[in-house]
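What follows is a short report on a single structure.
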Amino acid sequence: MSQRPIYLDAHATTPVDERVLNAMLPYFTEHFGNPSTNTHLYGWEASAAVKNARETIANIINATPEEIVFTSGATEANNLAIKGVAEAYFDRGKHIITVATEHRAVLNPCQYLETLGFEVTYLPVLPDGLLDLQKLTAAIREDTILVSVMAANNEIGVLQPLAAIGEICHSQGILFHTDAAQAIAKIPLDVAGMKIDLMSLTAHKIYGPKGVGALYVRRRDPRVKIAPQLQGGGQERGRRSGTLYTPQIVGFAKAITIGVAEMQWESKRLLQLKQQLWSMFESLDGVYLNGNLTTSLQGNLNISIEGVDGSALLLALQSVVAVSSGSACAATSTAPSHVLTALGREEKLARASLRFGIGRFNTPEEIAIVGKQAIAAIKSLRQANQS
Ligand SMILES: *Cc1c(COP(=O)(O)O)cnc(C)c1O
């Protein structure tokens with residue numbers, strides 16, 4: 001077997017850190033109890049582990065433990081936030097504001113709500129991906145109940161100004177939800193300081209296991225109501241029924257703890273790797289940065305390349321590096337990325353894009369190999385197109 005490609009797709013998912021795995025293992029076997037059982041030791045052990053994890057996660061985002069609702073990931077957290085608020089507040093208004101560059105796990109629940117009679121405003125973004133706050137203010141109506149703006153974009157890494165958005169929403173009495181799947185443990189997040197009312201999290205983008213996440217739901221100033229989207233045993237104070245998955249939850253808390261503890265130096269290291277890669281591409285003509293280098297996730301680099309076919313480029317690189325194109329479905333997708341077109345990229349350039357997600361286990365040597373091979377592939381595809 002030849003070597004496996006270098007993994008540079010950290011926005012899609014990440015490997016489980018061994019420290020996380022080791023924390024999880026005892027909860028699959030020895031300590032396998034149901035956290036809701038209160039009649040014997042097995043249940044108490046599991047319940048204590050979940051309690052600990054809940055406190056850890058709450059502390060990190062400056063929340064209280066009762067404000068954390070465990071879910072299967074950020075998709076479920078987004079659905080619970082958006083549909084849960086819509087259902088709980090529809091008598092106050094039926095208008096929701098979100099942004100054109102959001103993840104499908106926000107856009108699709110919003111589109112679903114439109115079929116039920118809600119009205120949704122999809123705000124445009126500036127050419128570098130940032131939200132224009134004046135447009136947000138102008139879009140607010142009497143009947144607006146919720147604003148949903150992601151913390152960090154999963155394609156172009158752009159970081160939205162959460163505190164400013166929270167301020168605008170709270171001054172108007174509107175709830176503010178943020179999808180922080182890509183941001184947690186990578187940038188500081190403080191639900192009190194940033195006036196966030198609901199926040200979606202997931203573990204598998206931060207070296208934790210797949211299948212677990214959380215929704216933060218504010219309990220004071222204001223006390224946010226959400227209608228449950230899963231009914232059953234009444235776990236999570238009735239907000240999300242279903243037996244809690246202790247190993248996943250323990251792993252999630254461990255992953256966040258490690259990410260936050262290492263955030264400062266790791267973000268510097270990732271930024272250096274990004275600059276290393278970008279400086280290689282910058283030496284070529286016709287390579288454009290999507291998003292911006294300053295207000296973005298350190299590990300994200302998204303470029304559009306003139307004069308090549310996007311899927312041909314991915315094909316040429318697939319044995320070297322695991323990356324995505326700008327669009328979620330990569331090589332097989334026929335539609336260009338909705339994020340890149342929202343930036344104003346013409347269709348051809350939106351299709352010919354590469355999204356690099358640099359992560360914890362990548363090295364400068366790997367970046368050098370990928371940069372060199374990608375540039376060689378671009379040059380040869382351009383030459384083939386000319387002849
Ligand atoms: C990955 C991702 C999601 C989906 O999270 P899951 O935990 O896989 O359901 C939602 N939003 C953003 C921004 C993401 O990057």
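How things are named: the first chain in the structure tokens is A, the next is B, and so on; residues count from 1 in each chain; ligands count from 1 in the order shown.
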
Exercise for the section: Using only C-alpha atoms and all ligand atoms, find each protein or nucleic acid residue lying at most 9 Å from ligand 1; present the set as a VMD selection string. Expected result: chain A and resid 11 to 13 71 to 78 102 to 106 150 to 155 179 to 183 200 to 205 210 to 213

Selected residues, N, CA and C atoms, written as an mmCIF file, in the first residue's frame, please.
data_model
loop_
_atom_site.group_PDB
_atom_site.id
_atom_site.type_symbol
_atom_site.label_atom_id
_atom_site.label_comp_id
_atom_site.auth_asym_id
_atom_site.auth_seq_id
_atom_site.Cartn_x
_atom_site.Cartn_y
_atom_site.Cartn_z
ATOM 1 N N HIS A 11 -11.994 21.005 8.915
ATOM 2 C CA HIS A 11 -13.340 21.584 9.062
ATOM 3 C C HIS A 11 -14.421 20.533 8.863
ATOM 4 N N ALA A 12 -14.056 19.427 8.214
ATOM 5 C CA ALA A 12 -15.039 18.354 8.011
ATOM 6 C C ALA A 12 -15.141 17.506 9.272
ATOM 7 N N THR A 13 -14.006 17.086 9.772
ATOM 8 C CA THR A 13 -13.947 16.378 11.050
ATOM 9 C C THR A 13 -12.483 16.238 11.432
ATOM 10 N N THR A 71 -26.736 17.109 23.043
ATOM 11 C CA THR A 71 -27.398 16.682 21.804
ATOM 12 C C THR A 71 -26.464 15.735 21.059
ATOM 13 N N SER A 72 -26.898 15.308 19.875
ATOM 14 C CA SER A 72 -26.070 14.404 19.071
ATOM 15 C C SER A 72 -25.036 15.166 18.246
ATOM 16 N N GLY A 73 -25.031 16.478 18.324
ATOM 17 C CA GLY A 73 -24.061 17.258 17.562
ATOM 18 C C GLY A 73 -24.615 18.639 17.274
ATOM 19 N N ALA A 74 -23.941 19.363 16.390
ATOM 20 C CA ALA A 74 -24.368 20.733 16.105
ATOM 21 C C ALA A 74 -25.601 20.775 15.205
ATOM 22 N N THR A 75 -25.777 19.795 14.347
ATOM 23 C CA THR A 75 -26.984 19.765 13.511
ATOM 24 C C THR A 75 -28.224 19.723 14.398
ATOM 25 N N GLU A 76 -28.209 18.816 15.358
ATOM 26 C CA GLU A 76 -29.363 18.715 16.255
ATOM 27 C C GLU A 76 -29.495 19.960 17.126
ATOM 28 N N ALA A 77 -28.376 20.492 17.583
ATOM 29 C CA ALA A 77 -28.435 21.700 18.415
ATOM 30 C C ALA A 77 -29.034 22.868 17.629
ATOM 31 N N ASN A 78 -28.639 23.020 16.368
ATOM 32 C CA ASN A 78 -29.195 24.090 15.533
ATOM 33 C C ASN A 78 -30.694 23.898 15.320
ATOM 34 N N GLU A 102 -24.530 30.773 6.106
ATOM 35 C CA GLU A 102 -24.646 29.814 7.212
ATOM 36 C C GLU A 102 -24.507 28.376 6.709
ATOM 37 N N HIS A 103 -24.262 27.474 7.670
ATOM 38 C CA HIS A 103 -24.225 26.038 7.389
ATOM 39 C C HIS A 103 -25.635 25.560 7.030
ATOM 40 N N ARG A 104 -25.706 24.479 6.259
ATOM 41 C CA ARG A 104 -27.021 23.906 5.896
ATOM 42 C C ARG A 104 -27.861 23.536 7.121
ATOM 43 N N ALA A 105 -27.183 23.241 8.222
ATOM 44 C CA ALA A 105 -27.910 22.854 9.439
ATOM 45 C C ALA A 105 -28.608 24.052 10.090
ATOM 46 N N VAL A 106 -28.348 25.256 9.584
ATOM 47 C CA VAL A 106 -29.121 26.442 9.971
ATOM 48 C C VAL A 106 -30.085 26.819 8.849
ATOM 49 N N MET A 150 -23.597 32.511 12.550
ATOM 50 C CA MET A 150 -22.565 31.572 12.987
ATOM 51 C C MET A 150 -21.326 32.291 13.519
ATOM 52 N N ALA A 151 -20.578 31.599 14.403
ATOM 53 C CA ALA A 151 -19.381 32.202 14.984
ATOM 54 C C ALA A 151 -18.221 32.153 13.993
ATOM 55 N N ALA A 152 -17.973 30.975 13.421
ATOM 56 C CA ALA A 152 -16.879 30.806 12.461
ATOM 57 C C ALA A 152 -17.398 30.001 11.287
ATOM 58 N N ASN A 153 -17.128 30.487 10.083
ATOM 59 C CA ASN A 153 -17.646 29.810 8.896
ATOM 60 C C ASN A 153 -16.858 28.534 8.603
ATOM 61 N N ASN A 154 -17.578 27.478 8.222
ATOM 62 C CA ASN A 154 -16.936 26.185 7.991
ATOM 63 C C ASN A 154 -16.226 26.086 6.648
ATOM 64 N N GLU A 155 -16.454 27.031 5.741
ATOM 65 C CA GLU A 155 -15.752 26.985 4.456
ATOM 66 C C GLU A 155 -14.609 27.979 4.388
ATOM 67 N N ASP A 179 -24.173 29.408 15.828
ATOM 68 C CA ASP A 179 -23.635 28.074 15.554
ATOM 69 C C ASP A 179 -22.123 28.192 15.717
ATOM 70 N N ALA A 180 -21.621 27.632 16.823
ATOM 71 C CA ALA A 180 -20.195 27.777 17.142
ATOM 72 C C ALA A 180 -19.433 26.468 16.932
ATOM 73 N N ALA A 181 -19.955 25.624 16.026
ATOM 74 C CA ALA A 181 -19.329 24.310 15.794
ATOM 75 C C ALA A 181 -17.850 24.436 15.432
ATOM 76 N N GLN A 182 -17.502 25.441 14.626
ATOM 77 C CA GLN A 182 -16.112 25.587 14.181
ATOM 78 C C GLN A 182 -15.293 26.472 15.115
ATOM 79 N N ALA A 183 -15.958 27.149 16.036
ATOM 80 C CA ALA A 183 -15.266 28.169 16.826
ATOM 81 C C ALA A 183 -14.873 27.702 18.222
ATOM 82 N N SER A 200 -24.737 26.591 19.616
ATOM 83 C CA SER A 200 -24.591 25.188 19.215
ATOM 84 C C SER A 200 -23.130 24.783 19.205
ATOM 85 N N LEU A 201 -22.864 23.592 19.754
ATOM 86 C CA LEU A 201 -21.499 23.080 19.835
ATOM 87 C C LEU A 201 -21.455 21.642 19.327
ATOM 88 N N THR A 202 -20.261 21.201 18.943
ATOM 89 C CA THR A 202 -20.068 19.798 18.573
ATOM 90 C C THR A 202 -18.652 19.380 18.958
ATOM 91 N N ALA A 203 -18.463 18.073 19.170
ATOM 92 C CA ALA A 203 -17.160 17.583 19.658
ATOM 93 C C ALA A 203 -16.214 17.171 18.531
ATOM 94 N N HIS A 204 -16.765 16.732 17.393
ATOM 95 C CA HIS A 204 -15.889 16.053 16.434
ATOM 96 C C HIS A 204 -15.045 16.981 15.566
ATOM 97 N N LYS A 205 -15.237 18.300 15.711
ATOM 98 C CA LYS A 205 -14.358 19.230 14.995
ATOM 99 C C LYS A 205 -13.183 19.646 15.888
ATOM 100 N N LYS A 210 -17.396 11.766 17.281
ATOM 101 C CA LYS A 210 -18.584 12.136 16.510
ATOM 102 C C LYS A 210 -19.830 11.736 17.292
ATOM 103 N N GLY A 211 -20.946 12.416 17.010
ATOM 104 C CA GLY A 211 -22.216 12.012 17.621
ATOM 105 C C GLY A 211 -22.520 12.647 18.964
ATOM 106 N N VAL A 212 -21.811 13.701 19.325
ATOM 107 C CA VAL A 212 -22.163 14.417 20.553
ATOM 108 C C VAL A 212 -21.903 15.910 20.382
ATOM 109 N N GLY A 213 -22.773 16.695 20.987
ATOM 110 C CA GLY A 213 -22.640 18.141 20.968
ATOM 111 C C GLY A 213 -23.514 18.700 22.064
#

Residues flagged helix (DSSP H, G or I) by DSSP in stretch 66-287 of chain A, as a PDB file with C-alpha atoms, in the first residue's frame:
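Final output, saved to states24.pdb:
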ATOM      1  CA  GLU A  66     -28.400  23.894  33.873  1.00  0.00           C
ATOM      2  CA  GLU A  67     -27.960  25.890  30.660  1.00  0.00           C
ATOM      3  CA  ALA A  74     -24.368  20.733  16.105  1.00  0.00           C
ATOM      4  CA  THR A  75     -26.984  19.765  13.511  1.00  0.00           C
ATOM      5  CA  GLU A  76     -29.363  18.715  16.255  1.00  0.00           C
ATOM      6  CA  ALA A  77     -28.435  21.700  18.415  1.00  0.00           C
ATOM      7  CA  ASN A  78     -29.195  24.090  15.533  1.00  0.00           C
ATOM      8  CA  ASN A  79     -32.528  22.389  14.855  1.00  0.00           C
ATOM      9  CA  LEU A  80     -33.435  22.499  18.540  1.00  0.00           C
ATOM     10  CA  ALA A  81     -32.487  26.173  18.800  1.00  0.00           C
ATOM     11  CA  ILE A  82     -34.209  27.425  15.662  1.00  0.00           C
ATOM     12  CA  LYS A  83     -37.319  25.246  15.580  1.00  0.00           C
ATOM     13  CA  GLY A  84     -37.500  25.193  19.367  1.00  0.00           C
ATOM     14  CA  VAL A  85     -37.547  29.002  19.574  1.00  0.00           C
ATOM     15  CA  ALA A  86     -39.912  29.337  16.600  1.00  0.00           C
ATOM     16  CA  GLU A  87     -42.395  26.997  18.265  1.00  0.00           C
ATOM     17  CA  ALA A  88     -42.088  28.629  21.683  1.00  0.00           C
ATOM     18  CA  TYR A  89     -42.308  32.268  20.511  1.00  0.00           C
ATOM     19  CA  ARG A 104     -27.021  23.906   5.896  1.00  0.00           C
ATOM     20  CA  ALA A 105     -27.910  22.854   9.439  1.00  0.00           C
ATOM     21  CA  VAL A 106     -29.121  26.442   9.971  1.00  0.00           C
ATOM     22  CA  LEU A 107     -30.404  27.282   6.490  1.00  0.00           C
ATOM     23  CA  ASN A 108     -32.494  24.144   6.057  1.00  0.00           C
ATOM     24  CA  PRO A 109     -34.396  24.402   9.373  1.00  0.00           C
ATOM     25  CA  CYS A 110     -35.102  28.049   8.436  1.00  0.00           C
ATOM     26  CA  GLN A 111     -36.393  27.001   5.033  1.00  0.00           C
ATOM     27  CA  TYR A 112     -38.556  24.380   6.712  1.00  0.00           C
ATOM     28  CA  LEU A 113     -40.023  27.043   9.000  1.00  0.00           C
ATOM     29  CA  GLU A 114     -40.902  29.117   5.923  1.00  0.00           C
ATOM     30  CA  THR A 115     -43.166  26.280   4.790  1.00  0.00           C
ATOM     31  CA  LEU A 133     -24.041  45.187  10.964  1.00  0.00           C
ATOM     32  CA  GLN A 134     -26.026  48.062   9.476  1.00  0.00           C
ATOM     33  CA  LYS A 135     -27.827  45.561   7.265  1.00  0.00           C
ATOM     34  CA  LEU A 136     -28.596  43.488  10.349  1.00  0.00           C
ATOM     35  CA  THR A 137     -30.034  46.477  12.200  1.00  0.00           C
ATOM     36  CA  ALA A 138     -32.069  47.477   9.153  1.00  0.00           C
ATOM     37  CA  ALA A 139     -33.525  43.965   8.799  1.00  0.00           C
ATOM     38  CA  LEU A 162     -20.505  38.071  18.023  1.00  0.00           C
ATOM     39  CA  ALA A 163     -20.398  40.650  20.815  1.00  0.00           C
ATOM     40  CA  ALA A 164     -21.601  43.424  18.504  1.00  0.00           C
ATOM     41  CA  ILE A 165     -24.406  41.224  17.170  1.00  0.00           C
ATOM     42  CA  GLY A 166     -25.391  40.227  20.711  1.00  0.00           C
ATOM     43  CA  GLU A 167     -25.543  43.881  21.694  1.00  0.00           C
ATOM     44  CA  ILE A 168     -27.823  44.757  18.769  1.00  0.00           C
ATOM     45  CA  CYS A 169     -30.136  41.818  19.490  1.00  0.00           C
ATOM     46  CA  HIS A 170     -30.387  42.414  23.239  1.00  0.00           C
ATOM     47  CA  SER A 171     -31.028  46.127  22.823  1.00  0.00           C
ATOM     48  CA  GLU A 236     -32.122  17.261  30.007  1.00  0.00           C
ATOM     49  CA  ARG A 237     -34.989  18.892  31.965  1.00  0.00           C
ATOM     50  CA  GLY A 238     -37.415  17.799  29.286  1.00  0.00           C
ATOM     51  CA  THR A 246     -21.777   8.949  28.847  1.00  0.00           C
ATOM     52  CA  PRO A 247     -18.544   8.059  26.955  1.00  0.00           C
ATOM     53  CA  GLN A 248     -19.267  10.662  24.262  1.00  0.00           C
ATOM     54  CA  ILE A 249     -20.094  13.342  26.806  1.00  0.00           C
ATOM     55  CA  VAL A 250     -16.944  12.607  28.821  1.00  0.00           C
ATOM     56  CA  GLY A 251     -14.916  12.778  25.601  1.00  0.00           C
ATOM     57  CA  PHE A 252     -16.562  16.046  24.573  1.00  0.00           C
ATOM     58  CA  ALA A 253     -15.624  17.692  27.886  1.00  0.00           C
ATOM     59  CA  LYS A 254     -12.054  16.370  27.647  1.00  0.00           C
ATOM     60  CA  ALA A 255     -11.727  17.637  24.063  1.00  0.00           C
ATOM     61  CA  ILE A 256     -12.917  21.133  24.987  1.00  0.00           C
ATOM     62  CA  THR A 257     -10.644  21.234  28.030  1.00  0.00           C
ATOM     63  CA  ILE A 258      -7.563  20.320  25.981  1.00  0.00           C
ATOM     64  CA  GLY A 259      -8.486  22.709  23.169  1.00  0.00           C
ATOM     65  CA  VAL A 260      -8.925  25.653  25.519  1.00  0.00           C
ATOM     66  CA  ALA A 261      -5.782  24.880  27.521  1.00  0.00           C
ATOM     67  CA  MET A 263      -5.540  27.497  22.441  1.00  0.00           C
ATOM     68  CA  GLN A 264      -2.966  30.248  22.741  1.00  0.00           C
ATOM     69  CA  TRP A 265       0.100  28.507  21.414  1.00  0.00           C
ATOM     70  CA  GLU A 266      -1.801  26.210  19.084  1.00  0.00           C
ATOM     71  CA  SER A 267      -3.485  29.114  17.324  1.00  0.00           C
ATOM     72  CA  LYS A 268      -0.080  30.738  16.789  1.00  0.00           C
ATOM     73  CA  ARG A 269       1.279  27.489  15.371  1.00  0.00           C
ATOM     74  CA  LEU A 270      -1.725  27.055  13.047  1.00  0.00           C
ATOM     75  CA  LEU A 271      -1.422  30.638  11.839  1.00  0.00           C
ATOM     76  CA  GLN A 272       2.228  30.018  10.933  1.00  0.00           C
ATOM     77  CA  LEU A 273       1.252  26.922   8.960  1.00  0.00           C
ATOM     78  CA  LYS A 274      -1.480  28.845   7.157  1.00  0.00           C
ATOM     79  CA  GLN A 275       0.947  31.643   6.284  1.00  0.00           C
ATOM     80  CA  GLN A 276       3.457  29.061   5.069  1.00  0.00           C
ATOM     81  CA  LEU A 277       0.853  27.565   2.708  1.00  0.00           C
ATOM     82  CA  TRP A 278      -0.568  30.899   1.547  1.00  0.00           C
ATOM     83  CA  SER A 279       2.885  32.328   0.777  1.00  0.00           C
ATOM     84  CA  MET A 280       3.495  29.380  -1.556  1.00  0.00           C
ATOM     85  CA  PHE A 281       0.230  29.952  -3.438  1.00  0.00           C
ATOM     86  CA  GLU A 282       0.739  33.707  -3.492  1.00  0.00           C
TER      87      GLU A 282
END

Handout entry: Residues within 7 Å of stretch 364-379 of chain A, only C-alpha atoms, excluding chain neighbours under 2 positions, as a list in words
Key = Ile6, Leu273, Leu277, Met280, Val308, Leu313, Ala316, Leu317, Val320, Val321, Asn362, Leu381, Arg382 and Gln383 of chain A

Selected residues, N, CA, C and O atoms, written as a PDB file, in the first residue's frame, please.
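Once everything was written out, this is selection02.pdb:
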ATOM      1  N   ILE A   6      -2.078  13.143   3.100  1.00  0.00           N
ATOM      2  CA  ILE A   6      -1.967  14.036   4.259  1.00  0.00           C
ATOM      3  C   ILE A   6      -3.345  14.632   4.538  1.00  0.00           C
ATOM      4  O   ILE A   6      -4.005  15.126   3.620  1.00  0.00           O
ATOM      5  N   LEU A 273       1.418  27.919  10.022  1.00  0.00           N
ATOM      6  CA  LEU A 273       1.252  26.922   8.960  1.00  0.00           C
ATOM      7  C   LEU A 273       0.401  27.494   7.823  1.00  0.00           C
ATOM      8  O   LEU A 273       0.684  27.268   6.648  1.00  0.00           O
ATOM      9  N   LEU A 277       1.572  28.078   3.882  1.00  0.00           N
ATOM     10  CA  LEU A 277       0.853  27.565   2.708  1.00  0.00           C
ATOM     11  C   LEU A 277       0.442  28.703   1.778  1.00  0.00           C
ATOM     12  O   LEU A 277       0.612  28.622   0.559  1.00  0.00           O
ATOM     13  N   MET A 280       3.159  30.195  -0.387  1.00  0.00           N
ATOM     14  CA  MET A 280       3.495  29.380  -1.556  1.00  0.00           C
ATOM     15  C   MET A 280       2.517  29.664  -2.703  1.00  0.00           C
ATOM     16  O   MET A 280       2.917  29.836  -3.847  1.00  0.00           O
ATOM     17  N   VAL A 308      -8.166  26.481 -13.928  1.00  0.00           N
ATOM     18  CA  VAL A 308      -8.227  25.035 -13.703  1.00  0.00           C
ATOM     19  C   VAL A 308      -9.668  24.628 -13.409  1.00  0.00           C
ATOM     20  O   VAL A 308     -10.479  25.436 -12.972  1.00  0.00           O
ATOM     21  N   LEU A 313      -8.655  19.256 -10.366  1.00  0.00           N
ATOM     22  CA  LEU A 313      -7.583  19.549  -9.413  1.00  0.00           C
ATOM     23  C   LEU A 313      -7.662  18.626  -8.189  1.00  0.00           C
ATOM     24  O   LEU A 313      -6.654  18.063  -7.748  1.00  0.00           O
ATOM     25  N   ALA A 316      -6.444  15.259  -9.179  1.00  0.00           N
ATOM     26  CA  ALA A 316      -4.991  15.216  -9.330  1.00  0.00           C
ATOM     27  C   ALA A 316      -4.294  15.159  -7.971  1.00  0.00           C
ATOM     28  O   ALA A 316      -3.187  14.642  -7.857  1.00  0.00           O
ATOM     29  N   LEU A 317      -4.953  15.677  -6.948  1.00  0.00           N
ATOM     30  CA  LEU A 317      -4.312  15.774  -5.629  1.00  0.00           C
ATOM     31  C   LEU A 317      -4.730  14.676  -4.654  1.00  0.00           C
ATOM     32  O   LEU A 317      -4.187  14.582  -3.557  1.00  0.00           O
ATOM     33  N   VAL A 320      -2.303  12.730  -2.629  1.00  0.00           N
ATOM     34  CA  VAL A 320      -1.338  13.529  -1.876  1.00  0.00           C
ATOM     35  C   VAL A 320      -1.961  14.104  -0.604  1.00  0.00           C
ATOM     36  O   VAL A 320      -1.393  14.034   0.480  1.00  0.00           O
ATOM     37  N   VAL A 321      -3.147  14.679  -0.778  1.00  0.00           N
ATOM     38  CA  VAL A 321      -3.735  15.430   0.321  1.00  0.00           C
ATOM     39  C   VAL A 321      -5.245  15.242   0.368  1.00  0.00           C
ATOM     40  O   VAL A 321      -5.901  15.194  -0.669  1.00  0.00           O
ATOM     41  N   ASN A 362      -0.920  18.395  12.106  1.00  0.00           N
ATOM     42  CA  ASN A 362      -0.181  18.737  10.884  1.00  0.00           C
ATOM     43  C   ASN A 362       1.157  19.398  11.227  1.00  0.00           C
ATOM     44  O   ASN A 362       1.283  20.071  12.238  1.00  0.00           O
ATOM     45  N   LEU A 381      -2.226  21.386 -14.952  1.00  0.00           N
ATOM     46  CA  LEU A 381      -3.602  21.491 -15.458  1.00  0.00           C
ATOM     47  C   LEU A 381      -3.760  22.735 -16.342  1.00  0.00           C
ATOM     48  O   LEU A 381      -4.456  22.684 -17.369  1.00  0.00           O
ATOM     49  N   ARG A 382      -3.123  23.812 -15.944  1.00  0.00           N
ATOM     50  CA  ARG A 382      -3.206  25.033 -16.747  1.00  0.00           C
ATOM     51  C   ARG A 382      -2.564  24.813 -18.121  1.00  0.00           C
ATOM     52  O   ARG A 382      -3.078  25.283 -19.130  1.00  0.00           O
ATOM     53  N   GLN A 383      -1.435  24.111 -18.113  1.00  0.00           N
ATOM     54  CA  GLN A 383      -0.740  23.854 -19.370  1.00  0.00           C
ATOM     55  C   GLN A 383      -1.604  22.986 -20.285  1.00  0.00           C
ATOM     56  O   GLN A 383      -1.747  23.250 -21.474  1.00  0.00           O
TER      57      GLN A 383
END

Practice task
Give me every strand (DSSP E) residue in stretch 204-355 of chain A, going by DSSP on the backbone, as JSON, numbers by chain.
Solution key: {"A": [213, 214, 215, 216, 217, 287, 288, 289, 300, 301, 302, 303, 304, 305, 321, 322, 353, 354, 355]}

Exercise for the section: Take atom CA of A:Ser148 and atom CA of A:Ile57 and report the distance between them in Å, one decimal. Expected result: 21.5 Å

Practice task
Can you pull out every residue within 10 Å of A:Arg220, counting only C-alpha atoms, but drop anything in the same chain fewer than 3 positions away, and send it as number ranges by chain?
Solution key: A: 67, 197, 217, 223-224

Shell around A:Gly93 at 6 Å using only C-alpha atoms, local window under 3 positions removed, as a tab-separated table (two decimals) with N, CA and C atoms, in the first residue's frame:
chain	number	residue	atom	x	y	z
A	90	PHE	N	-43.84	31.78	18.63
A	90	PHE	CA	-44.55	32.19	17.41
A	90	PHE	C	-45.66	33.19	17.69
A	143	ASP	N	-41.77	42.08	14.47
A	143	ASP	CA	-42.10	40.68	14.72
A	143	ASP	C	-40.88	39.75	14.64
A	144	THR	N	-39.67	40.32	14.69
A	144	THR	CA	-38.47	39.47	14.67
A	144	THR	C	-38.30	38.80	16.03
A	145	ILE	N	-38.15	37.47	16.04
A	145	ILE	CA	-37.98	36.76	17.32
A	145	ILE	C	-36.57	36.23	17.50

Exercise for the section: Rounded to one decimal place, report the atom CA of A:Leu116-atom CA of A:Pro228 distance in Å. Expected result: 17.2 Å

Handout entry: Polymer residues at most 10 Å from A:Phe32, only C-alpha atoms, same-chain spacing of 4 or more positions, as a list in words
Key = Leu25, Pro26, Tyr27, Phe28, Tyr42, Gly43, Glu45, Ala46, Tyr245, Thr246 and Pro247 of chain A

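Proximity to A:Val339 was assessed for A:Val99, A:Ile358, A:Val149, A:Ala214 counting only C-alpha atoms; the smallest distance is recorded for A:Val99.
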
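Between atom CA of A:Leu126 and atom CA of A:Leu340 there is a distance of 11.4 Å.
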